[in-house]
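The file target-v2.pdb contains PDB, C-alpha atoms:
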ATOM      1  CA  MET O   1     -15.143 141.845 -81.923
ATOM      2  CA  THR O   2     -14.225 145.371 -80.976
ATOM      3  CA  VAL O   3     -11.963 147.635 -82.984
ATOM      4  CA  LYS O   4     -11.070 151.251 -82.223
ATOM      5  CA  VAL O   5     -10.612 153.714 -85.073
ATOM      6  CA  ARG O   6      -8.853 157.019 -84.514
ATOM      7  CA  PHE O   7      -8.965 159.795 -87.082
ATOM      8  CA  PHE O   8      -6.614 162.758 -86.832
ATOM      9  CA  ALA O   9      -6.387 166.329 -88.084
ATOM     10  CA  ARG O  10      -8.826 167.135 -90.923
ATOM     11  CA  PHE O  11     -10.229 163.608 -90.868
ATOM     12  CA  ARG O  12     -11.019 163.929 -87.161
ATOM     13  CA  GLU O  13     -12.829 167.194 -87.736
ATOM     14  CA  LEU O  14     -15.056 165.532 -90.313
ATOM     15  CA  LEU O  15     -15.557 162.082 -88.830
ATOM     16  CA  GLY O  16     -14.806 162.267 -85.107
ATOM     17  CA  THR O  17     -12.287 160.048 -83.372
ATOM     18  CA  ASP O  18     -11.890 157.168 -80.939
ATOM     19  CA  ILE O  19     -14.737 155.397 -82.676
ATOM     20  CA  VAL O  20     -15.343 151.949 -81.232
ATOM     21  CA  ILE O  21     -16.787 149.524 -83.743
ATOM     22  CA  ASP O  22     -18.248 146.070 -83.264
ATOM     23  CA  ALA O  23     -16.795 144.578 -86.435
ATOM     24  CA  PRO O  24     -17.690 141.148 -87.840
ATOM     25  CA  LYS O  25     -14.984 138.511 -88.048
ATOM     26  CA  GLY O  26     -13.025 138.724 -91.288
ATOM     27  CA  LYS O  27     -13.612 142.446 -91.823
ATOM     28  CA  VAL O  28     -10.845 143.994 -93.877
ATOM     29  CA  LEU O  29      -9.301 147.313 -92.984
ATOM     30  CA  SER O  30     -10.405 149.215 -96.077
ATOM     31  CA  GLU O  31     -14.056 148.203 -95.660
ATOM     32  CA  LEU O  32     -14.020 149.042 -91.966
ATOM     33  CA  ILE O  33     -12.868 152.587 -92.680
ATOM     34  CA  LYS O  34     -15.299 152.977 -95.555
ATOM     35  CA  ASP O  35     -18.222 151.954 -93.346
ATOM     36  CA  ILE O  36     -17.332 154.643 -90.817
ATOM     37  CA  ALA O  37     -16.492 157.332 -93.366
ATOM     38  CA  LYS O  38     -19.830 156.900 -95.142
ATOM     39  CA  LYS O  39     -21.575 158.761 -92.324
ATOM     40  CA  ASN O  40     -20.173 162.046 -93.647
ATOM     41  CA  LYS O  41     -19.781 162.611 -97.384
ATOM     42  CA  GLU O  42     -17.142 165.267 -96.952
ATOM     43  CA  GLY O  43     -15.208 162.966 -94.662
ATOM     44  CA  PHE O  44     -15.528 160.071 -97.093
ATOM     45  CA  ASP O  45     -14.383 162.243 -99.985
ATOM     46  CA  ALA O  46     -11.405 163.454 -97.984
ATOM     47  CA  ILE O  47     -10.145 159.882 -97.592
ATOM     48  CA  PHE O  48     -11.414 158.117-100.729
ATOM     49  CA  ASP O  49     -11.515 159.127-104.374
ATOM     50  CA  GLU O  50     -14.521 158.771-106.693
ATOM     51  CA  HIS O  51     -13.722 155.069-107.199
ATOM     52  CA  GLY O  52     -13.716 154.395-103.472
ATOM     53  CA  THR O  53      -9.932 154.005-103.461
ATOM     54  CA  PHE O  54      -7.815 155.529-100.719
ATOM     55  CA  ARG O  55      -6.356 158.862-101.748
ATOM     56  CA  GLU O  56      -2.621 158.389-102.108
ATOM     57  CA  PHE O  57      -1.663 160.723 -99.272
ATOM     58  CA  VAL O  58      -3.771 158.905 -96.663
ATOM     59  CA  ILE O  59      -1.726 157.215 -93.951
ATOM     60  CA  LEU O  60      -2.994 154.113 -92.158
ATOM     61  CA  MET O  61      -1.696 152.520 -89.001
ATOM     62  CA  ARG O  62      -2.696 149.386 -87.208
ATOM     63  CA  ASN O  63      -1.565 149.209 -83.592
ATOM     64  CA  GLY O  64       1.020 151.899 -84.259
ATOM     65  CA  LYS O  65       2.499 150.230 -87.332
ATOM     66  CA  ARG O  66       2.136 151.613 -90.836
ATOM     67  CA  VAL O  67      -0.117 149.710 -93.257
ATOM     68  CA  GLU O  68       0.315 150.567 -96.931
ATOM     69  CA  ILE O  69      -2.980 151.704 -98.401
ATOM     70  CA  GLY O  70      -2.521 149.172-101.194
ATOM     71  CA  ASP O  71      -2.647 146.402 -98.589
ATOM     72  CA  ALA O  72      -5.686 147.674 -96.686
ATOM     73  CA  ALA O  73      -8.082 145.433 -98.626
ATOM     74  CA  LYS O  74      -6.049 142.388 -97.622
ATOM     75  CA  VAL O  75      -5.511 143.166 -93.943
ATOM     76  CA  THR O  76      -8.117 141.630 -91.667
ATOM     77  CA  VAL O  77      -8.750 143.434 -88.405
ATOM     78  CA  VAL O  78      -8.862 141.469 -85.172
ATOM     79  CA  ASP O  79     -10.371 142.062 -81.757
ATOM     80  CA  GLY O  80      -8.650 144.871 -79.853
ATOM     81  CA  ASP O  81      -7.013 146.461 -82.878
ATOM     82  CA  GLU O  82      -6.450 150.209 -82.892
ATOM     83  CA  ILE O  83      -6.605 151.702 -86.356
ATOM     84  CA  ALA O  84      -5.382 155.224 -87.097
ATOM     85  CA  VAL O  85      -6.192 157.189 -90.228
ATOM     86  CA  PHE O  86      -4.557 160.514 -90.953
ATOM     87  CA  PRO O  87      -3.371 162.973 -93.579
ATOM     88  CA  PRO O  88       0.303 163.851 -94.110
ATOM     89  CA  VAL O  89       2.032 165.007 -90.969
ATOM     90  CA  ALA O  90       2.916 168.646 -90.368
ATOM     91  CA  GLY O  91       4.669 168.971 -87.054
ATOM     92  CA  GLY O  92       7.729 170.954 -86.117
TER      93      GLY O  92
ATOM     94  CA  MET L   1      13.713 164.065 -72.386
ATOM     95  CA  ILE L   2      11.360 163.426 -75.271
ATOM     96  CA  ARG L   3       7.938 164.824 -74.579
ATOM     97  CA  ILE L   4       4.675 166.098 -76.020
ATOM     98  CA  GLN L   5       2.956 168.566 -73.764
ATOM     99  CA  LYS L   6       0.462 171.412 -73.634
ATOM    100  CA  ASP L   7       2.525 173.624 -71.366
ATOM    101  CA  ASP L   8       5.316 175.881 -72.522
ATOM    102  CA  VAL L   9       8.950 174.922 -72.116
ATOM    103  CA  ASP L  10      11.620 176.469 -69.905
ATOM    104  CA  ILE L  11      14.472 176.513 -72.388
ATOM    105  CA  THR L  12      17.039 177.766 -69.895
ATOM    106  CA  VAL L  13      16.524 174.741 -67.690
ATOM    107  CA  LEU L  14      16.944 172.446 -70.688
ATOM    108  CA  ILE L  15      20.134 174.180 -71.810
ATOM    109  CA  ASN L  16      21.650 173.765 -68.370
ATOM    110  CA  SER L  17      20.776 170.077 -68.254
ATOM    111  CA  ALA L  18      22.289 169.608 -71.727
ATOM    112  CA  LYS L  19      25.717 170.692 -70.474
ATOM    113  CA  VAL L  20      26.852 167.220 -69.556
ATOM    114  CA  PRO L  21      30.541 166.370 -69.123
ATOM    115  CA  GLY L  22      32.379 166.592 -72.433
ATOM    116  CA  THR L  23      30.037 169.180 -73.921
ATOM    117  CA  GLY L  24      31.646 171.731 -76.187
ATOM    118  CA  ALA L  25      28.521 172.994 -77.934
ATOM    119  CA  VAL L  26      24.797 173.191 -77.288
ATOM    120  CA  VAL L  27      22.449 173.929 -80.188
ATOM    121  CA  VAL L  28      18.892 175.052 -79.513
ATOM    122  CA  PHE L  29      16.162 174.964 -82.131
ATOM    123  CA  ASP L  30      13.031 176.832 -81.124
ATOM    124  CA  GLY L  31      10.125 176.701 -83.573
ATOM    125  CA  ILE L  32       7.730 179.594 -83.013
ATOM    126  CA  VAL L  33       4.158 180.363 -84.041
ATOM    127  CA  ARG L  34       4.769 182.927 -86.779
ATOM    128  CA  ASP L  35       2.512 185.940 -87.233
ATOM    129  CA  ASP L  36       1.109 185.124 -90.654
ATOM    130  CA  GLY L  37      -2.156 186.883 -89.951
ATOM    131  CA  ILE L  38      -3.153 184.163 -87.515
ATOM    132  CA  THR L  39      -4.026 184.302 -83.845
ATOM    133  CA  GLU L  40      -2.914 180.877 -82.741
ATOM    134  CA  MET L  41      -2.008 177.410 -83.875
ATOM    135  CA  ASP L  42      -4.022 174.280 -83.165
ATOM    136  CA  LEU L  43      -1.555 171.434 -82.626
ATOM    137  CA  GLU L  44      -2.579 167.807 -82.468
ATOM    138  CA  ALA L  45      -0.524 164.627 -82.065
ATOM    139  CA  TYR L  46      -0.985 160.887 -82.195
ATOM    140  CA  GLU L  47       1.014 160.648 -79.007
ATOM    141  CA  ASP L  48       1.164 156.856 -78.771
ATOM    142  CA  VAL L  49       3.144 156.855 -81.995
ATOM    143  CA  ALA L  50       4.696 160.336 -82.007
ATOM    144  CA  VAL L  51       6.661 159.922 -78.775
ATOM    145  CA  PRO L  52       8.273 156.591 -79.759
ATOM    146  CA  ASP L  53       8.992 158.050 -83.204
ATOM    147  CA  MET L  54      10.778 161.036 -81.683
ATOM    148  CA  GLU L  55      12.670 158.742 -79.299
ATOM    149  CA  LYS L  56      13.868 156.758 -82.304
ATOM    150  CA  ILE L  57      14.931 159.945 -84.103
ATOM    151  CA  ALA L  58      16.839 161.028 -80.993
ATOM    152  CA  ARG L  59      18.591 157.654 -80.760
ATOM    153  CA  THR L  60      19.577 157.754 -84.417
ATOM    154  CA  ALA L  61      20.811 161.343 -84.138
ATOM    155  CA  THR L  62      22.797 160.479 -81.018
ATOM    156  CA  GLN L  63      24.590 157.649 -82.790
ATOM    157  CA  ARG L  64      25.101 159.397 -86.109
ATOM    158  CA  PHE L  65      26.294 162.746 -84.776
ATOM    159  CA  HIS L  66      27.914 161.639 -81.511
ATOM    160  CA  LEU L  67      25.480 163.692 -79.459
ATOM    161  CA  LEU L  68      25.877 163.753 -75.713
ATOM    162  CA  HIS L  69      22.372 164.873 -74.834
ATOM    163  CA  VAL L  70      19.061 165.338 -76.677
ATOM    164  CA  ASP L  71      15.820 166.969 -75.549
ATOM    165  CA  ILE L  72      12.773 167.241 -77.785
ATOM    166  CA  VAL L  73       9.626 168.948 -76.536
ATOM    167  CA  HIS L  74       6.737 169.332 -78.980
ATOM    168  CA  ARG L  75       3.714 171.237 -77.829
ATOM    169  CA  ILE L  76       0.085 170.436 -78.536
ATOM    170  CA  GLY L  77      -2.986 172.534 -77.857
ATOM    171  CA  ARG L  78      -3.210 176.128 -78.950
ATOM    172  CA  PRO L  79      -0.037 178.194 -78.622
ATOM    173  CA  ALA L  80      -0.495 181.813 -79.646
ATOM    174  CA  VAL L  81       1.629 183.861 -82.024
ATOM    175  CA  GLY L  82       5.154 184.179 -80.617
ATOM    176  CA  GLU L  83       4.917 181.076 -78.452
ATOM    177  CA  ASN L  84       7.071 177.968 -78.763
ATOM    178  CA  ILE L  85       5.881 175.020 -80.839
ATOM    179  CA  LEU L  86       8.892 172.754 -80.828
ATOM    180  CA  VAL L  87      12.098 172.964 -78.858
ATOM    181  CA  THR L  88      15.061 170.711 -79.512
ATOM    182  CA  ILE L  89      18.264 170.953 -77.566
ATOM    183  CA  VAL L  90      21.321 168.913 -78.384
ATOM    184  CA  SER L  91      24.817 168.890 -76.999
ATOM    185  CA  ALA L  92      27.979 167.490 -78.515
ATOM    186  CA  SER L  93      31.695 167.784 -77.987
ATOM    187  CA  HIS L  94      32.083 169.754 -81.196
ATOM    188  CA  ARG L  95      30.045 172.390 -83.014
ATOM    189  CA  PRO L  96      29.629 170.594 -86.386
ATOM    190  CA  ASP L  97      28.035 167.557 -84.747
ATOM    191  CA  ALA L  98      25.726 169.697 -82.629
ATOM    192  CA  TYR L  99      24.525 171.696 -85.636
ATOM    193  CA  ALA L 100      24.123 168.632 -87.840
ATOM    194  CA  GLY L 101      22.347 166.644 -85.139
ATOM    195  CA  SER L 102      19.932 169.471 -84.435
ATOM    196  CA  ARG L 103      19.152 169.843 -88.141
ATOM    197  CA  TYR L 104      18.643 166.115 -88.577
ATOM    198  CA  ILE L 105      16.174 165.947 -85.684
ATOM    199  CA  ILE L 106      13.933 168.781 -86.875
ATOM    200  CA  GLU L 107      13.892 167.561 -90.476
ATOM    201  CA  GLU L 108      13.001 164.011 -89.433
ATOM    202  CA  ILE L 109      10.236 165.231 -87.137
ATOM    203  CA  LYS L 110       8.711 167.247 -89.960
ATOM    204  CA  LYS L 111       8.958 164.287 -92.321
ATOM    205  CA  SER L 112       7.433 161.466 -90.348
ATOM    206  CA  VAL L 113       6.128 162.112 -86.839
ATOM    207  CA  PRO L 114       2.308 162.130 -86.594
ATOM    208  CA  ILE L 115       1.761 165.689 -85.443
ATOM    209  CA  TRP L 116      -0.400 168.236 -87.230
ATOM    210  CA  LYS L 117      -0.862 171.947 -86.991
ATOM    211  CA  LYS L 118      -3.709 174.100 -88.137
ATOM    212  CA  GLU L 119      -3.556 177.864 -88.314
ATOM    213  CA  LEU L 120      -6.439 179.654 -86.649
ATOM    214  CA  THR L 121      -7.322 183.096 -87.967
ATOM    215  CA  ARG L 122      -9.144 185.996 -86.425
ATOM    216  CA  ASP L 123     -12.322 185.172 -88.326
ATOM    217  CA  GLY L 124     -12.367 181.691 -86.825
ATOM    218  CA  GLY L 125     -10.876 179.907 -89.850
TER     219      GLY L 125
END

Mind turning this structure into structure tokens?
Amino acid sequence: MTVKVRFFARFRELLGTDIVIDAPKGKVLSELIKDIAKKNKEGFDAIFDEHGTFREFVILMRNGKRVEIGDAAKVTVVDGDEIAVFPPVAGG
Amino acid sequence: MIRIQKDDVDITVLINSAKVPGTGAVVVFDGIVRDDGITEMDLEAYEDVAVPDMEKIARTATQRFHLLHVDIVHRIGRPAVGENILVTIVSASHRPDAYAGSRYIIEEIKKSVPIWKKELTRDGG
């Protein structure tokens, strides 16, 4: 199944964006992001702490809806999902 | 009009369109790229979420502060020092509502809408 992952701001600079992944059935959100982030240590460290836990300021969205980082290990992605990962916003 | 765009904004046009029947006050907020030793700002948005978020903020502000008209234009791309970043224009029958509505909109945008800005310096930082 195909899932699109979009990183923004600093995370985009380190990991790219609009990454299309062929994810296996049953893949959870946290593992999906970890797999992608592993390609760049600095990018991984920006999102995860030394225990591999999401840093508390990281914001996750699935199809435009917020997912709490504490739930990311329980949320299973499905075909066609768009996942967004970004740091705190700073518009205006 | 709620919009994210690269191009600059014609504020005069927006002010005129905000003067709908019943208007007694128009408040303009114009956020500018400040000269903090930078050359330009790099602005990025998650537009699929940011536009609906700003539309929701505008709806809430309209109800709460009895606004008659709301425009929000947030720029992306690379505006230079002195250029507009964010323009909000609200109209209301009375001045207190227009001021309060304008303030509410900018504070909510800063709090929750997925838009980011990065300062670019002369040395490429």

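For chain L, the residues close to chain O, meaning within 8 Å and counting all atoms listed in the file, are L:Gly31, L:Glu44, L:Ala45, L:Tyr46, L:Asp48, L:Val49, L:His74, L:Ile85, L:Leu86, L:Ile106, L:Ile109, L:Lys110, L:Lys111, L:Ser112, L:Val113, L:Pro114, L:Ile115, L:Trp116, L:Lys117.
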
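Compared by their closest atoms to O:Lys38, and using only C-alpha atoms, the residues O:Leu14, O:Val75, O:Val58, O:Ala23 rank with O:Leu14 nearest.
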
Worksheet entry | Residue members of the PyMOL selection byres ((chain O and resi 30) around 10) in the file shown, as a PyMOL selection string | chain O and resi 27-29+31-35+52-54+60+69-77

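Residues within 7 Å of L:Gly24, counting all atoms listed in the file and excluding same-chain residues fewer than 3 positions away, are L:Ala92, L:Ser93, L:His94.
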
Write the residues of the selection above to a file with C-alpha atoms, as a compact mmCIF listing (two decimals), in the frame of the given file.
# COMPACT_ATOMS: atom_id res chain seq x y z
CA ALA L 92 27.98 167.49 -78.52
CA SER L 93 31.70 167.78 -77.99
CA HIS L 94 32.08 169.75 -81.20

Name the residues in contact with L:Ser91 at a cut-off of 6 Å, using only C-alpha atoms, excluding same-chain residues fewer than 2 positions from it; report them as a short mmCIF file (atom, residue, chain, number, x, y, z; two decimals) with C-alpha atoms, keeping the file's coordinate frame.
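Output file part38.cif is given in full below:
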data_model
loop_
_atom_site.label_atom_id
_atom_site.label_comp_id
_atom_site.auth_asym_id
_atom_site.auth_seq_id
_atom_site.Cartn_x
_atom_site.Cartn_y
_atom_site.Cartn_z
CA ALA L 18 22.29 169.61 -71.73
CA ALA L 25 28.52 172.99 -77.93
CA VAL L 26 24.80 173.19 -77.29
CA LEU L 67 25.48 163.69 -79.46
CA LEU L 68 25.88 163.75 -75.71
CA HIS L 69 22.37 164.87 -74.83
CA ALA L 98 25.73 169.70 -82.63
#

Discussion item. Residues near L:Thr121, anyone? I mean within 10 Å using all atoms listed in the file, not counting same-chain ones fewer than 6 positions away, as a ChimeraX atom specification.
Written reply: /L:36-41
